[in-house]
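Next up, start.cif (mmCIF, C-alpha atoms):
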data_upload
#
loop_
_atom_site.group_PDB
_atom_site.id
_atom_site.type_symbol
_atom_site.label_atom_id
_atom_site.label_comp_id
_atom_site.auth_asym_id
_atom_site.auth_seq_id
_atom_site.Cartn_x
_atom_site.Cartn_y
_atom_site.Cartn_z
ATOM 1 C CA MET A 263 14.390 1.118 21.900
ATOM 2 C CA PHE A 264 12.940 -1.479 24.309
ATOM 3 C CA GLY A 265 9.963 -2.191 22.046
ATOM 4 C CA LYS A 266 8.969 1.431 21.369
ATOM 5 C CA ARG A 267 8.854 2.828 17.842
ATOM 6 C CA PRO A 268 7.477 6.084 16.382
ATOM 7 C CA ASP A 269 5.556 4.189 13.704
ATOM 8 C CA GLY A 270 3.936 1.445 15.760
ATOM 9 C CA ARG A 271 3.226 -0.097 19.142
ATOM 10 C CA ARG A 272 4.264 -3.619 20.025
ATOM 11 C CA LEU A 273 1.494 -6.192 20.374
ATOM 12 C CA ARG A 274 1.915 -8.684 23.189
ATOM 13 C CA THR A 275 -1.534 -10.313 23.394
ATOM 14 C CA VAL A 276 -1.781 -11.953 19.958
ATOM 15 C CA GLU A 277 -2.046 -15.710 19.636
ATOM 16 C CA PRO A 278 1.071 -17.629 20.799
ATOM 17 C CA LEU A 279 1.666 -19.187 17.363
ATOM 18 C CA GLN A 280 1.482 -15.744 15.761
ATOM 19 C CA LEU A 281 3.972 -14.403 18.292
ATOM 20 C CA ILE A 282 6.634 -16.975 17.452
ATOM 21 C CA THR A 283 6.092 -16.905 13.679
ATOM 22 C CA GLY A 284 8.265 -13.820 13.324
ATOM 23 C CA PHE A 285 11.148 -15.639 14.962
ATOM 24 C CA LEU A 286 10.715 -18.762 12.831
ATOM 25 C CA MET A 287 10.309 -16.833 9.570
ATOM 26 C CA LYS A 288 12.956 -14.151 9.952
ATOM 27 C CA LYS A 289 12.687 -12.615 6.473
ATOM 28 C CA ARG A 290 9.710 -11.301 4.504
ATOM 29 C CA TYR A 291 10.592 -13.568 1.598
ATOM 30 C CA ASP A 292 10.148 -16.498 4.016
ATOM 31 C CA SER A 293 6.516 -15.544 4.505
ATOM 32 C CA MET A 294 5.323 -14.055 1.203
ATOM 33 C CA ASN A 295 1.860 -15.074 0.028
ATOM 34 C CA MET A 296 0.742 -14.198 -3.494
ATOM 35 C CA TYR A 297 -2.858 -13.446 -4.392
ATOM 36 C CA GLU A 298 -4.558 -12.249 -7.560
ATOM 37 C CA ASP A 299 -8.085 -11.368 -8.547
ATOM 38 C CA THR A 300 -10.072 -9.226 -10.975
ATOM 39 C CA ILE A 301 -12.578 -6.436 -10.440
ATOM 40 C CA ASN A 302 -15.534 -5.715 -12.707
ATOM 41 C CA CYS A 303 -14.934 -2.226 -14.099
ATOM 42 C CA ALA A 304 -18.580 -1.383 -14.881
ATOM 43 C CA ALA A 305 -19.310 0.288 -11.533
ATOM 44 C CA TRP A 306 -15.945 2.074 -11.615
ATOM 45 C CA ASP A 307 -16.482 3.474 -15.134
ATOM 46 C CA SER A 308 -19.980 4.628 -14.213
ATOM 47 C CA TYR A 309 -18.736 6.317 -11.040
ATOM 48 C CA ILE A 310 -15.800 8.006 -12.816
ATOM 49 C CA LYS A 311 -18.153 9.354 -15.501
ATOM 50 C CA GLU A 312 -20.556 10.641 -12.852
ATOM 51 C CA LYS A 313 -17.777 12.459 -10.998
ATOM 52 C CA GLU A 314 -16.380 13.860 -14.257
ATOM 53 C CA GLU A 315 -19.747 15.438 -14.990
ATOM 54 C CA GLN A 316 -19.518 17.075 -11.560
ATOM 55 C CA GLY A 317 -16.038 18.411 -12.322
ATOM 56 C CA ILE A 318 -14.294 15.970 -9.974
ATOM 57 C CA LYS A 319 -11.201 14.077 -11.144
ATOM 58 C CA ILE A 320 -11.420 10.417 -10.120
ATOM 59 C CA GLY A 321 -9.497 7.523 -11.679
ATOM 60 C CA TYR A 322 -8.988 3.820 -11.131
ATOM 61 C CA MET A 323 -6.034 4.390 -8.835
ATOM 62 C CA HIS A 324 -8.057 6.726 -6.586
ATOM 63 C CA ILE A 325 -10.796 4.119 -6.227
ATOM 64 C CA PHE A 326 -8.326 1.314 -5.625
ATOM 65 C CA ILE A 327 -6.358 3.180 -2.936
ATOM 66 C CA ALA A 328 -9.545 4.411 -1.233
ATOM 67 C CA GLY A 329 -10.839 0.842 -1.154
ATOM 68 C CA ILE A 330 -7.642 -0.489 0.395
ATOM 69 C CA VAL A 331 -7.628 2.284 3.021
ATOM 70 C CA ARG A 332 -11.239 1.446 3.915
ATOM 71 C CA MET A 333 -10.449 -2.274 4.081
ATOM 72 C CA ILE A 334 -7.486 -1.707 6.406
ATOM 73 C CA ALA A 335 -9.547 0.629 8.613
ATOM 74 C CA LYS A 336 -12.132 -2.127 9.046
ATOM 75 C CA TRP A 337 -9.605 -4.973 9.243
ATOM 76 C CA PRO A 338 -6.756 -3.434 11.304
ATOM 77 C CA ARG A 339 -4.599 -6.547 11.564
ATOM 78 C CA LEU A 340 -3.596 -5.822 7.973
ATOM 79 C CA ASN A 341 -1.940 -2.680 9.298
ATOM 80 C CA ARG A 342 0.652 -4.531 11.338
ATOM 81 C CA PHE A 343 4.297 -5.216 10.654
ATOM 82 C CA VAL A 344 7.059 -7.448 11.945
ATOM 83 C CA MET A 345 10.401 -6.066 13.044
ATOM 84 C CA ASN A 346 13.108 -8.240 14.563
ATOM 85 C CA GLY A 347 10.569 -10.996 15.150
ATOM 86 C CA LYS A 348 8.130 -8.783 17.055
ATOM 87 C CA ILE A 349 4.673 -7.702 15.860
ATOM 88 C CA TYR A 350 3.674 -4.022 15.853
ATOM 89 C CA ALA A 351 0.427 -2.175 15.070
ATOM 90 C CA ARG A 352 0.528 1.126 13.176
ATOM 91 C CA PRO A 353 -1.388 4.165 14.494
ATOM 92 C CA LYS A 354 -2.278 5.434 11.011
ATOM 93 C CA ILE A 355 -2.584 4.095 7.461
ATOM 94 C CA TRP A 356 0.254 4.989 5.106
ATOM 95 C CA VAL A 357 0.396 4.421 1.355
ATOM 96 C CA SER A 358 3.452 4.747 -0.891
ATOM 97 C CA PHE A 359 3.618 4.826 -4.668
ATOM 98 C CA THR A 360 6.038 5.913 -7.381
ATOM 99 C CA ILE A 361 5.153 8.343 -10.158
ATOM 100 C CA HIS A 362 6.756 9.410 -13.437
ATOM 101 C CA PRO A 363 5.850 12.897 -14.691
ATOM 102 C CA GLU A 364 6.045 11.535 -18.232
ATOM 103 C CA LEU A 365 5.893 7.996 -19.591
ATOM 104 C CA HIS A 366 9.278 7.756 -21.273
ATOM 105 C CA ILE A 367 12.471 6.006 -20.211
ATOM 106 C CA ASP A 368 14.332 9.195 -19.307
ATOM 107 C CA SER A 369 11.553 10.550 -17.093
ATOM 108 C CA PRO A 370 12.802 10.773 -13.478
ATOM 109 C CA ASP A 371 10.669 8.986 -10.925
ATOM 110 C CA THR A 372 9.772 10.118 -7.453
ATOM 111 C CA THR A 373 8.009 8.441 -4.565
ATOM 112 C CA ILE A 374 4.989 9.792 -2.744
ATOM 113 C CA LYS A 375 3.997 8.711 0.752
ATOM 114 C CA LEU A 376 0.630 9.746 2.199
ATOM 115 C CA CYS A 377 -0.970 9.251 5.603
ATOM 116 C CA PHE A 378 -4.654 8.589 6.279
ATOM 117 C CA ASP A 379 -6.699 8.029 9.406
ATOM 118 C CA GLY A 380 -8.979 5.528 7.708
ATOM 119 C CA THR A 381 -12.225 7.440 8.148
ATOM 120 C CA GLU A 382 -11.753 9.588 5.027
ATOM 121 C CA THR A 383 -14.114 9.519 2.066
ATOM 122 C CA ILE A 384 -12.963 8.642 -1.432
ATOM 123 C CA LEU A 385 -13.286 12.312 -2.408
ATOM 124 C CA GLU A 386 -10.943 13.362 0.404
ATOM 125 C CA ILE A 387 -8.450 10.641 -0.484
ATOM 126 C CA ALA A 388 -8.592 11.512 -4.199
ATOM 127 C CA GLN A 389 -7.990 15.187 -3.439
ATOM 128 C CA THR A 390 -4.999 14.336 -1.236
ATOM 129 C CA ILE A 391 -3.540 12.117 -3.965
ATOM 130 C CA ASN A 392 -4.113 14.713 -6.689
ATOM 131 C CA ASP A 393 -2.551 17.483 -4.599
ATOM 132 C CA ALA A 394 0.512 15.341 -3.841
ATOM 133 C CA ILE A 395 0.998 14.361 -7.502
ATOM 134 C CA ARG A 396 0.588 17.972 -8.614
ATOM 135 C CA LYS A 397 3.139 19.075 -6.031
ATOM 136 C CA GLU A 398 5.658 16.513 -7.280
ATOM 137 C CA THR A 399 5.069 17.224 -10.993
ATOM 138 C CA VAL A 400 3.587 20.550 -12.108
ATOM 139 C CA LEU A 401 4.631 22.560 -9.033
ATOM 140 C CA ARG A 402 7.901 20.780 -8.329
ATOM 141 C CA GLN A 403 10.937 23.059 -8.222
ATOM 142 C CA GLU A 404 13.399 20.904 -6.293
ATOM 143 C CA GLU A 405 13.902 17.326 -5.127
ATOM 144 C CA ASN A 406 11.886 16.103 -2.171
ATOM 145 C CA ASP A 407 13.537 14.672 0.957
ATOM 146 C CA THR A 408 13.425 11.089 -0.309
ATOM 147 C CA ASP A 409 15.114 11.992 -3.595
ATOM 148 C CA LYS A 410 17.701 14.157 -1.824
ATOM 149 C CA LEU A 411 18.623 11.318 0.533
ATOM 150 C CA ALA A 412 18.803 8.818 -2.334
ATOM 151 C CA ARG A 413 21.040 11.146 -4.370
ATOM 152 C CA PHE A 414 23.325 11.717 -1.365
ATOM 153 C CA LEU A 415 23.652 8.015 -0.622
ATOM 154 C CA THR A 416 24.335 7.027 -4.221
ATOM 155 C CA ALA A 417 27.125 9.634 -4.368
ATOM 156 C CA LEU A 418 28.997 7.720 -1.662
ATOM 157 C CA PRO A 419 31.626 5.071 -2.508
ATOM 158 C CA SER A 420 30.072 1.612 -2.680
ATOM 159 C CA TRP A 421 31.819 0.310 0.439
ATOM 160 C CA ILE A 422 30.598 3.272 2.495
ATOM 161 C CA LEU A 423 27.075 2.949 1.086
ATOM 162 C CA ASN A 424 27.070 -0.717 2.076
ATOM 163 C CA ILE A 425 28.051 0.205 5.639
ATOM 164 C CA VAL A 426 25.403 2.931 5.822
ATOM 165 C CA ALA A 427 22.693 0.549 4.579
ATOM 166 C CA THR A 428 23.760 -2.117 7.074
ATOM 167 C CA VAL A 429 23.749 0.361 9.958
ATOM 168 C CA LEU A 430 20.322 1.735 8.997
ATOM 169 C CA MET A 431 18.809 -1.745 8.859
ATOM 170 C CA TRP A 432 20.400 -2.616 12.221
ATOM 171 C CA MET A 433 18.980 0.580 13.734
ATOM 172 C CA ASP A 434 15.547 -0.227 12.314
ATOM 173 C CA ARG A 435 15.584 -3.737 13.756
ATOM 174 C CA HIS A 436 16.470 -2.376 17.204
ATOM 175 C CA ASN A 437 13.976 0.525 17.121
ATOM 176 C CA MET A 438 16.705 3.159 16.850
ATOM 177 C CA MET A 439 15.841 4.485 13.409
ATOM 178 C CA PRO A 440 15.343 8.277 13.578
ATOM 179 C CA LYS A 441 11.694 9.313 13.336
ATOM 180 C CA SER A 442 12.578 11.773 10.557
ATOM 181 C CA ILE A 443 13.821 8.954 8.307
ATOM 182 C CA ILE A 444 10.816 6.733 9.036
ATOM 183 C CA GLU A 445 8.414 9.563 8.233
ATOM 184 C CA PHE A 446 9.615 10.072 4.664
ATOM 185 C CA SER A 447 10.858 6.546 3.934
ATOM 186 C CA PRO A 448 8.473 4.981 1.374
ATOM 187 C CA PHE A 449 9.460 1.545 2.672
ATOM 188 C CA HIS A 450 7.981 2.262 6.119
ATOM 189 C CA THR A 451 4.371 2.103 4.979
ATOM 190 C CA SER A 452 1.127 0.180 5.423
ATOM 191 C CA PHE A 453 1.042 -0.732 1.763
ATOM 192 C CA TYR A 454 2.854 0.055 -1.455
ATOM 193 C CA ILE A 455 1.026 0.193 -4.766
ATOM 194 C CA THR A 456 2.197 0.132 -8.366
ATOM 195 C CA ASN A 457 -0.150 1.140 -11.178
ATOM 196 C CA LEU A 458 0.924 -0.963 -14.141
ATOM 197 C CA LYS A 459 -2.435 -0.273 -15.779
ATOM 198 C CA SER A 460 -1.070 3.154 -16.687
ATOM 199 C CA LEU A 461 1.715 1.416 -18.623
ATOM 200 C CA GLY A 462 -0.703 -0.852 -20.454
ATOM 201 C CA ILE A 463 0.633 -4.109 -19.008
ATOM 202 C CA ASN A 464 -0.703 -6.760 -16.670
ATOM 203 C CA HIS A 465 -0.095 -6.795 -12.927
ATOM 204 C CA VAL A 466 3.014 -8.440 -11.473
ATOM 205 C CA TYR A 467 3.753 -10.089 -8.129
ATOM 206 C CA HIS A 468 5.954 -7.395 -6.643
ATOM 207 C CA HIS A 469 8.290 -8.352 -3.811
ATOM 208 C CA THR A 470 8.000 -6.786 -0.361
ATOM 209 C CA CYS A 471 11.338 -5.165 0.454
ATOM 210 C CA GLU A 472 13.304 -6.399 3.473
ATOM 211 C CA PHE A 473 14.202 -2.821 4.402
ATOM 212 C CA GLY A 474 11.392 -0.967 6.171
ATOM 213 C CA THR A 475 8.081 -2.316 7.423
ATOM 214 C CA ASN A 476 5.875 -2.778 4.350
ATOM 215 C CA GLY A 477 4.049 -6.103 4.352
ATOM 216 C CA LEU A 478 1.467 -5.454 1.607
ATOM 217 C CA PHE A 479 2.334 -4.740 -2.018
ATOM 218 C CA PHE A 480 -0.535 -4.235 -4.474
ATOM 219 C CA ALA A 481 -0.182 -4.086 -8.249
ATOM 220 C CA MET A 482 -2.884 -2.872 -10.631
ATOM 221 C CA GLY A 483 -2.918 -4.328 -14.125
ATOM 222 C CA LYS A 484 -4.395 -3.460 -17.505
ATOM 223 C CA GLU A 485 -8.112 -4.077 -17.832
ATOM 224 C CA LYS A 486 -9.298 -6.844 -20.188
ATOM 225 C CA ASN A 487 -12.534 -8.133 -21.641
ATOM 226 C CA ILE A 488 -13.096 -11.615 -20.241
ATOM 227 C CA PRO A 489 -15.963 -14.157 -20.510
ATOM 228 C CA ILE A 490 -18.019 -14.531 -17.336
ATOM 229 C CA ALA A 491 -20.689 -17.191 -16.763
ATOM 230 C CA HIS A 492 -24.020 -15.850 -15.508
ATOM 231 C CA LYS A 493 -26.470 -18.692 -14.918
ATOM 232 C CA ASN A 494 -27.052 -20.218 -18.375
ATOM 233 C CA GLU A 495 -25.205 -17.652 -20.476
ATOM 234 C CA VAL A 496 -21.718 -16.296 -20.948
ATOM 235 C CA VAL A 497 -21.231 -12.544 -21.146
ATOM 236 C CA ILE A 498 -18.143 -10.457 -21.861
ATOM 237 C CA GLU A 499 -17.191 -8.085 -19.050
ATOM 238 C CA LYS A 500 -14.400 -5.584 -18.639
ATOM 239 C CA HIS A 501 -12.256 -6.516 -15.641
ATOM 240 C CA MET A 502 -9.099 -5.071 -14.102
ATOM 241 C CA GLY A 503 -6.644 -7.576 -12.686
ATOM 242 C CA PHE A 504 -4.664 -6.922 -9.546
ATOM 243 C CA SER A 505 -2.252 -8.774 -7.311
ATOM 244 C CA LEU A 506 -1.196 -8.689 -3.680
ATOM 245 C CA VAL A 507 2.040 -9.948 -2.170
ATOM 246 C CA SER A 508 1.626 -10.085 1.594
ATOM 247 C CA ASP A 509 3.556 -10.924 4.737
ATOM 248 C CA GLU A 510 1.665 -13.636 6.603
ATOM 249 C CA ARG A 511 3.625 -13.356 9.857
ATOM 250 C CA PHE A 512 1.413 -10.654 11.392
ATOM 251 C CA CYS A 513 -1.947 -11.937 10.157
ATOM 252 C CA ASP A 514 -3.347 -15.429 9.534
ATOM 253 C CA GLY A 515 -4.819 -16.685 6.291
ATOM 254 C CA LEU A 516 -8.439 -16.681 7.471
ATOM 255 C CA TYR A 517 -8.246 -12.999 8.399
ATOM 256 C CA TYR A 518 -6.681 -12.151 5.037
ATOM 257 C CA ALA A 519 -9.389 -14.100 3.207
ATOM 258 C CA LEU A 520 -12.261 -12.404 5.039
ATOM 259 C CA ALA A 521 -10.707 -8.958 4.572
ATOM 260 C CA LEU A 522 -10.188 -9.487 0.834
ATOM 261 C CA ARG A 523 -13.721 -10.813 0.465
ATOM 262 C CA GLU A 524 -15.023 -7.562 1.944
ATOM 263 C CA PHE A 525 -12.628 -5.604 -0.269
ATOM 264 C CA ARG A 526 -14.336 -7.106 -3.306
ATOM 265 C CA LYS A 527 -17.704 -5.904 -1.973
ATOM 266 C CA ILE A 528 -16.302 -2.418 -1.366
ATOM 267 C CA MET A 529 -14.972 -2.257 -4.914
ATOM 268 C CA GLN A 530 -18.348 -3.177 -6.397
ATOM 269 C CA ASN A 531 -19.874 0.082 -5.120
ATOM 270 C CA PRO A 532 -17.255 2.873 -5.092
ATOM 271 C CA SER A 533 -19.952 5.473 -4.389
ATOM 272 C CA ASP A 534 -20.347 3.950 -0.911
ATOM 273 C CA LEU A 535 -16.855 5.263 -0.148
ATOM 274 C CA GLU A 536 -18.272 8.791 -0.188
ATOM 275 C CA THR A 537 -19.726 8.039 3.250
ATOM 276 C CA PRO A 538 -17.121 8.556 6.014
ATOM 277 C CA LEU A 539 -16.321 5.505 8.110
ATOM 278 C CA GLU A 540 -17.869 6.162 11.511
ATOM 279 C CA ASN A 541 -16.824 3.032 13.371
ATOM 280 C CA LYS A 542 -13.142 2.505 12.687
ATOM 281 C CA VAL A 543 -11.976 -0.795 14.160
ATOM 282 C CA GLU A 544 -8.984 -0.557 16.480
ATOM 283 C CA ASP A 545 -6.368 -3.277 16.787
ATOM 284 C CA MET A 546 -5.959 -5.200 20.040
ATOM 285 C CA GLU A 547 -3.703 -3.997 22.827
#

What is this file in structure tokens?
Amino acid sequence: MFGKRPDGRRLRTVEPLQLITGFLMKKRYDSMNMYEDTINCAAWDSYIKEKEEQGIKIGYMHIFIAGIVRMIAKWPRLNRFVMNGKIYARPKIWVSFTIHPELHIDSPDTTIKLCFDGTETILEIAQTINDAIRKETVLRQEENDTDKLARFLTALPSWILNIVATVLMWMDRHNMMPKSIIEFSPFHTSFYITNLKSLGINHVYHHTCEFGTNGLFFAMGKEKNIPIAHKNEVVIEKHMGFSLVSDERFCDGLYYALALREFRKIMQNPSDLETPLENKVEDME
């Protein structure tokens, strides 16, 4: 209460216009910006092959998540969120994503939420992701806390479930949400990612949910061969499309643009992510 939350500290020194934006745009769907781009896959494929020869399992999703974590560590305003009109900065970088053990319609899904400091290498991040997926698939013997809570809530009568959801959202807005719920809630995260490439379809513009604190939703799409102009000739390159739906209330457009421009540079050389980030940028007080 009184501005204190277990998942973030309130910022009071941001620009005046930024401070009032959260009160003028009360919902995330009031402030959603949609962005899309493509990434040349040549460097990724080369890096994945190199790591495979070394016995290390690296995929597109590992590279993509590691790049986003590095971007947020260097551009910390992306790791903010708005709650009840107020702007907060997160102490760590959280990522949430949903997995299906098998790609068929009856395969149960589960959500994984991981925490990073931002200084990790891509190899450390990949290992953390692989361990978490293995735990929730091959080694899984029972439902995790998120699935247990979801199953319990859906067993309630609809009118009770509606009351519970309303109370939880009210508690979240007034900084009374229990820390235990925030810690395993996939909606209280720095960014959510969906890997539609694995399904063989293009990226979508995924909404940012009103429940929780997530203000960045990335979607990876199927790679395609596209014509690219290089000086006086056109060449065919393999590119992966991706999209980002973002909440603009905690970060202005210029900052987003500069951060995403650096993200493109990071993605052009995934091997650079093997070097730990020494100078992590901290958000303002």

Q. Which is closer to Asp509 in chain A than all the others in A:Glu386, A:Glu472, A:Asp409, A:Glu445, using only C-alpha atoms?
A.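 Of A:Glu386, A:Glu472, A:Asp409, A:Glu445, the one nearest Asp509 in chain A is A:Glu472, counting only C-alpha atoms.
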
Q) In terms of the shortest atom-to-atom distance over all atoms listed in the file, which of A:Leu279, A:Asn457, A:Thr373, A:Lys336 is closest to Lys397 in chain A? A) A:Thr373

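Residue nearest Phe512 in chain A within the list A:Ile455, A:Val344, A:Met333, A:Leu385: A:Val344 [criterion: smallest interatomic distance, only C-alpha atoms].
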
Q) Exactly which residues make up the result of the PyMOL selection byres ((chain A and resi 426-434) around 10) on this file, given as a ChimeraX atom specification? A) /A:263,267,345-346,415,418,420-425,435-440,443-444,472-475

Q: List the residues selected by the PyMOL selection byres ((chain A and resi 284) around 7) in the file shown, writing them as a PyMOL selection string.
A: chain A and resi 281-283+285-288+344+347-348+511

Could you save the residues just selected, with C-alpha atoms, as a compact mmCIF listing (two decimals), in the coordinates of the input?
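Saved as out-v2.txt:
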# COMPACT_ATOMS: atom_id res chain seq x y z
CA LEU A 281 3.97 -14.40 18.29
CA ILE A 282 6.63 -16.98 17.45
CA THR A 283 6.09 -16.90 13.68
CA PHE A 285 11.15 -15.64 14.96
CA LEU A 286 10.72 -18.76 12.83
CA MET A 287 10.31 -16.83 9.57
CA LYS A 288 12.96 -14.15 9.95
CA VAL A 344 7.06 -7.45 11.94
CA GLY A 347 10.57 -11.00 15.15
CA LYS A 348 8.13 -8.78 17.06
CA ARG A 511 3.62 -13.36 9.86

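This file, filtered with the PyMOL selection byres ((chain A and resi 332) around 8), gives the residues Ala328, Gly329, Ile330, Val331, Met333, Ile334, Ala335, Lys336, Gly380, Thr381, Leu535 and Leu539 of chain A.
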
Q: One decimal, Å: what's the distance from CA of Phe343 in chain A over to CA of Thr390 in chain A, could you say?
A: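 So the two atoms, CA of Phe343 in chain A and CA of Thr390 in chain A, lie 24.7 Å apart.
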
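Interatomic distance, CA of His468 in chain A against CA of Leu273 in chain A: 27.4 Å.
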
Q.
Give me the residues near Met323 in chain A as a list in words, where near means some atom within 12 Å (using all atoms listed in the file) and where sequence neighbours in that chain fewer than 5 positions away do not count.
A. Trp306, Ile310, Ala328, Gly329, Ile330, Phe359, Ile361, Ile384, Ile387, Ala388, Ile391, Asn392, Ile455, Thr456, Asn457, Leu458, Lys459, Ser460, Phe480, Ala481, Met482, Gly483, Lys484, Met502, Phe504, Met529 and Pro532 of chain A

Give, as AutoDock Vina command-line options, the centre coordinates and the x, y and z edge lengths in Å to one decimal for an axis-aligned box around all listed atoms of range 291-295 of chain A, padded by 3 Å on each side.
--center_x 6.2 --center_y -15.0 --center_z 2.3 --size_x 14.7 --size_y 8.9 --size_z 10.5

(Q) I need the residue nearest Leu520 in chain A from this list: A:Ala417, A:Thr360, A:Arg339, A:Asn464. Use only C-alpha atoms for the distance. (A) A:Arg339

Q | Proximity to Asn302 in chain A - best of A:Glu485, A:Asp379, A:Glu315, A:Asp393, all atoms listed in the file | A | A:Glu485

Q. Counting all atoms listed in the file, which residues come within 12 Å of (11.5, -6.3, -5.7), with the point read in the file's coordinates, and could you list them as number ranges by chain?
A. A: 290-291, 449, 454, 456, 466-473, 479, 507

Q: Could you jot down the CA of Ala351 in chain A to CA of Leu506 in chain A separation for me, Å, one decimal place?
A: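 CA of Leu506 in chain A lies 19.9 Å from CA of Ala351 in chain A.
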
Q: Could you give me, as a VMD selection string, the residues within 9 Å of Ala304 in chain A, counting only C-alpha atoms and dropping anything in the same chain fewer than 5 positions from it?
A: chain A and resid 309 499 to 501 530

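Using only C-alpha atoms, the nearest neighbour of Phe453 in chain A within the list A:Gln316, A:Thr300, A:Ser293, A:Asn476 is A:Asn476.
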